[in-house]
$ cat entry-v2.csv   # CSV, C-alpha atoms
chain,number,residue,atom,x,y,z
A,1,MET,CA,105.5,86.8,99.9
A,2,SER,CA,106.3,85.1,96.6
A,3,ASN,CA,107.6,81.7,97.8
A,4,LYS,CA,105.4,79.0,99.4
A,5,PRO,CA,106.2,79.0,103.1
A,6,LYS,CA,107.5,75.7,104.5
A,7,GLN,CA,106.6,76.3,108.1
A,8,VAL,CA,103.7,78.4,109.4
A,9,ALA,CA,102.7,79.1,113.0
A,10,ILE,CA,99.0,79.8,113.6
A,11,LEU,CA,98.6,81.7,116.9
A,12,GLY,CA,94.9,81.6,118.0
A,13,LEU,CA,92.6,78.8,117.1
A,14,GLY,CA,89.2,80.3,116.6
A,15,ILE,CA,87.2,79.5,113.4
A,16,PHE,CA,89.6,81.5,111.2
A,17,GLY,CA,92.8,80.2,112.8
A,18,SER,CA,91.7,76.6,112.8
A,19,THR,CA,90.4,76.6,109.2
A,20,LEU,CA,93.7,78.3,108.0
A,21,ALA,CA,95.8,75.8,109.9
A,22,GLU,CA,94.0,72.7,108.6
A,23,THR,CA,93.9,74.0,105.0
A,24,LEU,CA,97.6,74.7,105.0
A,25,GLU,CA,98.3,71.3,106.4
A,26,ASP,CA,96.2,69.7,103.7
A,27,PHE,CA,98.5,71.4,101.1
A,28,GLY,CA,101.7,70.0,102.7
A,29,VAL,CA,102.7,73.0,104.8
A,30,GLU,CA,104.2,72.2,108.2
A,31,VAL,CA,101.8,73.9,110.7
A,32,LEU,CA,102.3,74.7,114.4
A,33,ALA,CA,98.9,75.5,115.9
A,34,VAL,CA,98.9,77.4,119.3
A,35,ASP,CA,96.2,78.6,121.6
A,36,ILE,CA,95.9,79.2,125.4
A,37,ASP,CA,92.6,77.2,125.4
A,38,PRO,CA,93.2,73.4,125.7
A,39,VAL,CA,89.9,72.7,124.1
A,40,CYS,CA,90.8,74.5,120.9
A,41,VAL,CA,94.2,72.7,120.8
A,42,SER,CA,92.6,69.3,121.4
A,43,ARG,CA,90.1,69.9,118.6
A,44,ILE,CA,92.8,70.4,116.0
A,45,LYS,CA,95.8,68.3,117.2
A,46,ASP,CA,95.1,65.4,114.9
A,47,ASN,CA,94.9,67.6,111.8
A,48,VAL,CA,98.1,69.6,112.0
A,49,THR,CA,101.8,68.9,112.4
A,50,LYS,CA,101.9,70.1,116.0
A,51,ALA,CA,99.4,71.7,118.4
A,52,ILE,CA,100.5,73.3,121.6
A,53,VAL,CA,98.8,75.0,124.6
A,54,ALA,CA,100.7,78.2,125.2
A,55,ASP,CA,100.2,81.9,126.1
A,56,VAL,CA,101.3,83.7,122.9
A,57,THR,CA,101.7,87.0,124.8
A,58,ASP,CA,104.5,85.4,126.9
A,59,ARG,CA,108.0,85.9,125.4
A,60,GLU,CA,109.5,82.9,127.1
A,61,GLN,CA,106.8,80.5,125.9
A,62,LEU,CA,107.2,81.8,122.4
A,63,LEU,CA,110.9,81.1,122.6
A,64,GLU,CA,110.2,77.6,123.9
A,65,LEU,CA,108.2,77.0,120.7
A,66,ASP,CA,111.2,78.0,118.6
A,67,ILE,CA,108.9,80.5,116.9
A,68,ASN,CA,111.9,82.3,115.2
A,69,THR,CA,112.5,79.2,113.1
A,70,PHE,CA,109.1,79.6,111.3
A,71,ASP,CA,108.8,81.3,107.9
A,72,VAL,CA,105.5,82.8,108.7
A,73,ALA,CA,103.4,83.5,111.8
A,74,VAL,CA,99.7,84.3,111.7
A,75,VAL,CA,98.3,86.2,114.7
A,76,ALA,CA,94.7,84.9,114.5
A,77,ILE,CA,93.5,86.3,117.8
A,78,SER,CA,90.2,88.1,117.4
A,79,LYS,CA,88.6,88.7,120.7
A,80,HIS,CA,91.3,90.5,122.6
A,81,PHE,CA,93.1,93.2,120.5
A,82,GLU,CA,95.7,94.0,123.1
A,83,GLU,CA,96.9,90.4,123.1
A,84,ALA,CA,97.1,90.5,119.3
A,85,VAL,CA,99.3,93.6,119.5
A,86,THR,CA,101.5,92.1,122.1
A,87,CYS,CA,101.9,88.9,120.2
A,88,THR,CA,102.7,90.7,117.0
A,89,LEU,CA,105.3,92.9,118.7
A,90,LEU,CA,107.0,89.9,120.3
A,91,LEU,CA,107.1,87.9,117.0
A,92,LYS,CA,108.9,90.7,115.3
A,93,GLU,CA,111.3,91.1,118.3
A,94,LEU,CA,112.1,87.4,118.0
A,95,ASN,CA,112.9,87.9,114.3
A,96,VAL,CA,110.0,86.0,112.7
A,97,PRO,CA,110.5,86.9,109.0
A,98,TYR,CA,106.8,87.4,108.0
A,99,VAL,CA,104.0,88.2,110.4
A,100,ILE,CA,100.3,88.4,109.4
A,101,ALA,CA,97.7,89.8,111.8
A,102,LYS,CA,93.9,90.4,111.8
A,103,ALA,CA,92.2,93.7,112.3
A,104,ARG,CA,88.5,94.6,112.2
A,105,THR,CA,89.0,98.4,111.8
A,106,LYS,CA,91.3,100.7,110.0
A,107,ARG,CA,92.6,102.2,113.3
A,108,LYS,CA,93.5,98.7,114.6
A,109,LYS,CA,95.2,97.9,111.3
A,110,ILE,CA,97.4,101.0,111.6
A,111,ILE,CA,98.4,100.0,115.2
A,112,LEU,CA,99.3,96.5,114.1
A,113,GLU,CA,101.4,97.8,111.3
A,114,LYS,CA,103.2,100.2,113.6
A,115,VAL,CA,104.3,97.3,115.9
A,116,GLY,CA,105.7,95.4,113.0
A,117,ALA,CA,103.0,93.3,111.2
A,118,ASP,CA,104.1,92.7,107.6
A,119,ARG,CA,100.5,92.3,106.5
A,120,VAL,CA,97.2,93.0,108.2
A,121,ILE,CA,93.9,91.5,106.9
A,122,ASN,CA,90.3,92.2,107.6
A,123,THR,CA,88.7,88.8,107.1
A,124,GLU,CA,85.1,90.0,106.9
A,125,LYS,CA,86.0,92.8,104.5
A,126,GLU,CA,88.2,90.7,102.3
A,127,MET,CA,85.6,87.9,102.1
A,128,ALA,CA,82.9,90.4,101.2
A,129,TYR,CA,85.1,91.8,98.5
A,130,LYS,CA,85.8,88.4,97.1
A,131,LEU,CA,82.1,87.4,97.2
A,132,ALA,CA,81.2,90.5,95.4
A,133,LYS,CA,83.7,89.8,92.7
A,134,HIS,CA,82.4,86.2,92.4
A,135,LEU,CA,78.8,87.4,92.0
A,136,LEU,CA,79.9,89.8,89.3
A,137,ARG,CA,81.7,87.2,87.2
A,138,ARG,CA,80.4,86.4,83.8
A,139,SER,CA,83.0,84.2,82.0
A,140,ILE,CA,85.3,83.4,84.9
A,141,VAL,CA,84.6,80.0,86.4
A,142,ASP,CA,87.4,79.9,88.9
A,143,LEU,CA,90.4,82.1,89.7
A,144,VAL,CA,93.5,81.3,91.8
A,145,GLU,CA,96.0,84.0,92.6
A,146,LEU,CA,99.6,82.9,91.9
A,147,ASP,CA,101.0,86.1,93.5
A,148,GLU,CA,100.1,89.8,93.8
A,149,GLU,CA,100.0,90.3,90.0
A,150,TYR,CA,99.2,87.0,88.2
A,151,SER,CA,96.4,84.4,88.4
A,152,ILE,CA,95.6,81.1,86.8
A,153,VAL,CA,92.0,81.2,85.7
A,154,GLU,CA,89.4,78.9,84.2
A,155,ILE,CA,87.2,80.8,81.8
A,156,ARG,CA,84.2,80.0,79.5
A,157,THR,CA,85.0,80.7,75.9
A,158,LEU,CA,83.0,83.4,74.1
A,159,LYS,CA,80.5,82.8,71.3
A,160,ASP,CA,82.6,85.0,69.1
A,161,TRP,CA,85.4,82.5,69.4
A,162,GLU,CA,83.4,79.5,68.4
A,163,GLY,CA,84.4,77.8,65.1
A,164,LYS,CA,87.7,79.7,65.1
A,165,SER,CA,91.2,78.3,65.8
A,166,LEU,CA,93.3,79.4,68.7
A,167,SER,CA,95.7,81.0,66.3
A,168,ASN,CA,92.9,83.0,64.6
A,169,VAL,CA,91.5,84.3,67.9
A,170,ASN,CA,95.0,85.1,69.2
A,171,ILE,CA,93.9,85.2,72.8
A,172,ARG,CA,97.4,86.0,74.1
A,173,ARG,CA,97.9,89.1,71.9
A,174,VAL,CA,94.4,90.4,72.0
A,175,TYR,CA,93.4,89.7,75.6
A,176,GLY,CA,96.7,89.2,77.4
A,177,MET,CA,95.8,85.7,78.4
A,178,ASN,CA,98.1,82.7,77.9
A,179,VAL,CA,96.1,79.5,77.3
A,180,VAL,CA,97.7,76.6,79.1
A,181,GLY,CA,94.8,74.1,79.1
A,182,ILE,CA,91.5,73.2,77.4
A,183,LYS,CA,88.5,71.4,78.8
A,184,PRO,CA,86.4,70.5,75.8
A,185,HIS,CA,82.6,70.7,76.1
A,186,GLY,CA,81.3,67.6,77.9
A,187,SER,CA,84.7,66.5,79.2
A,188,PRO,CA,85.4,66.4,82.9
A,189,LYS,CA,89.1,66.7,82.4
A,190,MET,CA,91.4,69.5,81.4
A,191,THR,CA,94.0,68.7,78.7
A,192,MET,CA,97.3,70.5,78.0
A,193,ASP,CA,97.8,68.5,74.8
A,194,PHE,CA,96.6,70.9,72.1
A,195,SER,CA,97.9,73.0,69.2
A,196,ALA,CA,97.3,76.4,67.8
A,197,ASP,CA,95.0,74.8,65.2
A,198,TYR,CA,92.5,73.7,67.8
A,199,ILE,CA,89.0,74.7,66.7
A,200,ILE,CA,87.0,76.3,69.6
A,201,GLN,CA,83.7,74.6,70.3
A,202,PRO,CA,80.6,75.8,72.1
A,203,GLY,CA,80.9,75.1,75.8
A,204,ASP,CA,84.7,74.8,75.9
A,205,HIS,CA,86.5,76.0,78.9
A,206,PHE,CA,90.1,77.4,78.8
A,207,LEU,CA,92.7,77.5,81.6
A,208,VAL,CA,94.7,80.7,81.2
A,209,VAL,CA,97.4,82.5,83.0
A,210,SER,CA,97.0,86.3,83.1
A,211,LYS,CA,97.5,89.4,85.1
A,212,THR,CA,94.6,89.4,87.6
A,213,LYS,CA,93.5,92.9,86.9
A,214,GLU,CA,93.5,92.3,83.2
A,215,VAL,CA,91.4,89.1,83.2
A,216,GLU,CA,88.9,90.7,85.7
A,217,LYS,CA,88.6,93.7,83.4
A,218,TRP,CA,88.1,91.4,80.4
A,219,ASP,CA,85.4,89.5,82.3
A,220,PHE,CA,83.6,92.7,83.4
A,221,LEU,CA,83.5,94.0,79.8
A,222,THR,CA,82.2,90.6,78.5
A,223,LYS,CA,78.7,91.0,77.2
A,224,GLU,CA,77.7,87.3,77.4
$ encode --input "entry-v2.csv" --output "structure tokens"
Amino acid sequence: MSNKPKQVAILGLGIFGSTLAETLEDFGVEVLAVDIDPVCVSRIKDNVTKAIVADVTDREQLLELDINTFDVAVVAISKHFEEAVTCTLLLKELNVPYVIAKARTKRKKIILEKVGADRVINTEKEMAYKLAKHLLRRSIVDLVELDEEYSIVEIRTLKDWEGKSLSNVNIRRVYGMNVVGIKPHGSPKMTMDFSADYIIQPGDHFLVVSKTKEVEKWDFLTKE
């Protein structure tokens, strides 16, 4: 999805579902959190827009939640795969535009896709992949994906750039990265008030927008 969802339903409030719900709420998304366990619902009720005890495999209960008015529904059920399949199927039958589900194996992923899931994630596999990429980073300090193609990235400047101006290094043409911010060495703040004549200093950090694959390739090939 390219647009930020305004309303998200999280169905299943284990560690994954609860963390996702609270994080989205912190960023201003309206979150409906649902679980059949009253203890799970009670634990999160003060941290989300609305928390409800309901059976997410029951069509009538989903209708009572007005689930079809939500932009995204996340099936965060992990223990009982049959329930996850039933819930996913019902959500698509009720015309929820975008349904995300969890699967721990490739076979389960295929099943969830066949019943209509728009995206199926393997949280353990994806976290391991992201951790591996984090450990392999050399000049990337932080990376936030904007969509499936582009990211905004904080990078450490290279020694070869030091003492040269931005225009001389020509980062956009040579590396495919558009510099949108500079954090001078020793400064806690990023500034966007700079010119092409800025002289790069040792320890500077740049905030750049780039294709994710391109900046990761650049980082991997960095020798520093």
$ residues_around --input "entry-v2.csv" --residues "A:Ser167" --least-positions-apart "4" --cutoff "8 Å" --atoms "only C-alpha atoms" --output "JSON, numbers by chain"
{"A": [171, 196, 197]}
$ residues_around --input "entry-v2.csv" --residues "stretch 140-150 of chain A" --least-positions-apart "3" --cutoff "7 Å" --atoms "all atoms listed in the file" --output "PyMOL selection string"
chain A and resi 2+137+153-156+210-212+219
$ residues_around --input "entry-v2.csv" --residues "stretch 9-18 of chain A" --least-positions-apart "2" --cutoff "7 Å" --atoms "all atoms listed in the file" --output "PyMOL selection string"
chain A and resi 7+20-22+31-35+40+56+70+72-77
$ atom_distance --input "entry-v2.csv" --atom1 "atom CA of A:Pro38" --atom2 "atom CA of A:Thr123"
24.6 Å
$ residues_near_point --input "entry-v2.csv" --point "(89.4, 93.0, 110.7)" --cutoff "6 Å" --atoms "all atoms listed in the file" --output "list in words"
Lys102, Ala103, Arg104, Thr105, Asn122 and Thr123 of chain A
$ atom_distance --input "entry-v2.csv" --atom1 "atom CA of A:Val85" --atom2 "atom CA of A:Lys114"
9.7 Å
$ atom_distance --input "entry-v2.csv" --atom1 "atom CA of A:Lys79" --atom2 "atom CA of A:Leu131"
24.4 Å
$ build_atoms --input "entry-v2.csv" --residues "stretch 89-100 of chain A" --atoms "all heavy atoms" --output "PDB file, keeping the file's coordinate frame"
ATOM      1  N   LEU A  89     104.096  92.195 118.300  1.00  0.00           N
ATOM      2  CA  LEU A  89     105.300  92.900 118.700  1.00  0.00           C
ATOM      3  C   LEU A  89     106.415  91.873 119.091  1.00  0.00           C
ATOM      4  O   LEU A  89     107.574  91.984 118.673  1.00  0.00           O
ATOM      5  CB  LEU A  89     105.036  93.820 119.861  1.00  0.00           C
ATOM      6  CG  LEU A  89     106.217  94.618 120.429  1.00  0.00           C
ATOM      7  CD1 LEU A  89     106.805  95.524 119.373  1.00  0.00           C
ATOM      8  CD2 LEU A  89     105.778  95.418 121.647  1.00  0.00           C
ATOM      9  N   LEU A  90     106.034  90.866 119.874  1.00  0.00           N
ATOM     10  CA  LEU A  90     107.000  89.900 120.300  1.00  0.00           C
ATOM     11  C   LEU A  90     107.528  89.040 119.130  1.00  0.00           C
ATOM     12  O   LEU A  90     108.726  88.740 119.066  1.00  0.00           O
ATOM     13  CB  LEU A  90     106.336  88.915 121.328  1.00  0.00           C
ATOM     14  CG  LEU A  90     106.068  89.503 122.711  1.00  0.00           C
ATOM     15  CD1 LEU A  90     105.261  88.519 123.560  1.00  0.00           C
ATOM     16  CD2 LEU A  90     107.379  89.845 123.415  1.00  0.00           C
ATOM     17  N   LEU A  91     106.658  88.714 118.199  1.00  0.00           N
ATOM     18  CA  LEU A  91     107.100  87.900 117.000  1.00  0.00           C
ATOM     19  C   LEU A  91     108.149  88.668 116.225  1.00  0.00           C
ATOM     20  O   LEU A  91     109.136  88.079 115.768  1.00  0.00           O
ATOM     21  CB  LEU A  91     105.881  87.597 116.145  1.00  0.00           C
ATOM     22  CG  LEU A  91     104.870  86.606 116.729  1.00  0.00           C
ATOM     23  CD1 LEU A  91     103.617  86.555 115.873  1.00  0.00           C
ATOM     24  CD2 LEU A  91     105.473  85.207 116.872  1.00  0.00           C
ATOM     25  N   LYS A  92     107.948  89.962 116.059  1.00  0.00           N
ATOM     26  CA  LYS A  92     108.900  90.700 115.300  1.00  0.00           C
ATOM     27  C   LYS A  92     110.223  90.908 116.104  1.00  0.00           C
ATOM     28  O   LYS A  92     111.319  90.881 115.540  1.00  0.00           O
ATOM     29  CB  LYS A  92     108.358  92.105 114.926  1.00  0.00           C
ATOM     30  CG  LYS A  92     107.195  92.035 113.945  1.00  0.00           C
ATOM     31  CD  LYS A  92     107.449  91.126 112.749  1.00  0.00           C
ATOM     32  CE  LYS A  92     108.517  91.655 111.809  1.00  0.00           C
ATOM     33  NZ  LYS A  92     108.679  90.794 110.603  1.00  0.00           N
ATOM     34  N   GLU A  93     110.103  91.054 117.427  1.00  0.00           N
ATOM     35  CA  GLU A  93     111.300  91.100 118.300  1.00  0.00           C
ATOM     36  C   GLU A  93     112.100  89.850 118.233  1.00  0.00           C
ATOM     37  O   GLU A  93     113.332  89.864 118.363  1.00  0.00           O
ATOM     38  CB  GLU A  93     110.903  91.465 119.716  1.00  0.00           C
ATOM     39  CG  GLU A  93     110.436  92.902 119.928  1.00  0.00           C
ATOM     40  CD  GLU A  93     110.085  93.169 121.376  1.00  0.00           C
ATOM     41  OE1 GLU A  93     110.043  92.198 122.175  1.00  0.00           O
ATOM     42  OE2 GLU A  93     109.838  94.348 121.712  1.00  0.00           O
ATOM     43  N   LEU A  94     111.398  88.728 118.028  1.00  0.00           N
ATOM     44  CA  LEU A  94     112.100  87.400 118.000  1.00  0.00           C
ATOM     45  C   LEU A  94     112.459  87.053 116.539  1.00  0.00           C
ATOM     46  O   LEU A  94     112.830  85.911 116.271  1.00  0.00           O
ATOM     47  CB  LEU A  94     111.121  86.354 118.561  1.00  0.00           C
ATOM     48  CG  LEU A  94     110.826  86.517 120.057  1.00  0.00           C
ATOM     49  CD1 LEU A  94     109.747  85.528 120.500  1.00  0.00           C
ATOM     50  CD2 LEU A  94     112.091  86.322 120.872  1.00  0.00           C
ATOM     51  N   ASN A  95     112.362  88.030 115.647  1.00  0.00           N
ATOM     52  CA  ASN A  95     112.900  87.900 114.300  1.00  0.00           C
ATOM     53  C   ASN A  95     112.110  86.880 113.416  1.00  0.00           C
ATOM     54  O   ASN A  95     112.715  86.201 112.567  1.00  0.00           O
ATOM     55  CB  ASN A  95     114.356  87.549 114.287  1.00  0.00           C
ATOM     56  CG  ASN A  95     115.188  88.638 114.940  1.00  0.00           C
ATOM     57  OD1 ASN A  95     114.972  89.821 114.691  1.00  0.00           O
ATOM     58  ND2 ASN A  95     116.122  88.245 115.797  1.00  0.00           N
ATOM     59  N   VAL A  96     110.811  86.764 113.616  1.00  0.00           N
ATOM     60  CA  VAL A  96     110.000  86.000 112.700  1.00  0.00           C
ATOM     61  C   VAL A  96     109.948  86.763 111.367  1.00  0.00           C
ATOM     62  O   VAL A  96     109.573  87.944 111.369  1.00  0.00           O
ATOM     63  CB  VAL A  96     108.581  85.732 113.233  1.00  0.00           C
ATOM     64  CG1 VAL A  96     107.730  84.998 112.193  1.00  0.00           C
ATOM     65  CG2 VAL A  96     108.641  84.943 114.520  1.00  0.00           C
ATOM     66  N   PRO A  97     110.325  86.153 110.252  1.00  0.00           N
ATOM     67  CA  PRO A  97     110.500  86.900 109.000  1.00  0.00           C
ATOM     68  C   PRO A  97     109.197  87.583 108.498  1.00  0.00           C
ATOM     69  O   PRO A  97     109.248  88.698 107.993  1.00  0.00           O
ATOM     70  CB  PRO A  97     110.919  85.823 107.997  1.00  0.00           C
ATOM     71  CG  PRO A  97     111.503  84.748 108.832  1.00  0.00           C
ATOM     72  CD  PRO A  97     110.737  84.752 110.116  1.00  0.00           C
ATOM     73  N   TYR A  98     108.054  86.902 108.621  1.00  0.00           N
ATOM     74  CA  TYR A  98     106.800  87.400 108.000  1.00  0.00           C
ATOM     75  C   TYR A  98     105.659  87.208 109.003  1.00  0.00           C
ATOM     76  O   TYR A  98     105.333  86.060 109.315  1.00  0.00           O
ATOM     77  CB  TYR A  98     106.538  86.784 106.695  1.00  0.00           C
ATOM     78  CG  TYR A  98     105.561  87.527 105.817  1.00  0.00           C
ATOM     79  CD1 TYR A  98     105.954  88.638 105.089  1.00  0.00           C
ATOM     80  CD2 TYR A  98     104.240  87.101 105.704  1.00  0.00           C
ATOM     81  CE1 TYR A  98     105.065  89.317 104.258  1.00  0.00           C
ATOM     82  CE2 TYR A  98     103.337  87.767 104.880  1.00  0.00           C
ATOM     83  CZ  TYR A  98     103.751  88.876 104.161  1.00  0.00           C
ATOM     84  OH  TYR A  98     102.866  89.543 103.342  1.00  0.00           O
ATOM     85  N   VAL A  99     105.055  88.292 109.464  1.00  0.00           N
ATOM     86  CA  VAL A  99     104.000  88.200 110.400  1.00  0.00           C
ATOM     87  C   VAL A  99     102.690  88.781 109.836  1.00  0.00           C
ATOM     88  O   VAL A  99     102.668  89.921 109.359  1.00  0.00           O
ATOM     89  CB  VAL A  99     104.315  88.957 111.731  1.00  0.00           C
ATOM     90  CG1 VAL A  99     103.132  88.934 112.703  1.00  0.00           C
ATOM     91  CG2 VAL A  99     105.551  88.342 112.388  1.00  0.00           C
ATOM     92  N   ILE A 100     101.639  87.974 109.866  1.00  0.00           N
ATOM     93  CA  ILE A 100     100.300  88.400 109.400  1.00  0.00           C
ATOM     94  C   ILE A 100      99.398  88.517 110.600  1.00  0.00           C
ATOM     95  O   ILE A 100      99.374  87.634 111.459  1.00  0.00           O
ATOM     96  CB  ILE A 100      99.739  87.372 108.397  1.00  0.00           C
ATOM     97  CG1 ILE A 100     100.682  87.208 107.200  1.00  0.00           C
ATOM     98  CG2 ILE A 100      98.352  87.800 107.918  1.00  0.00           C
ATOM     99  CD1 ILE A 100     100.300  86.056 106.277  1.00  0.00           C
TER     100      ILE A 100
END
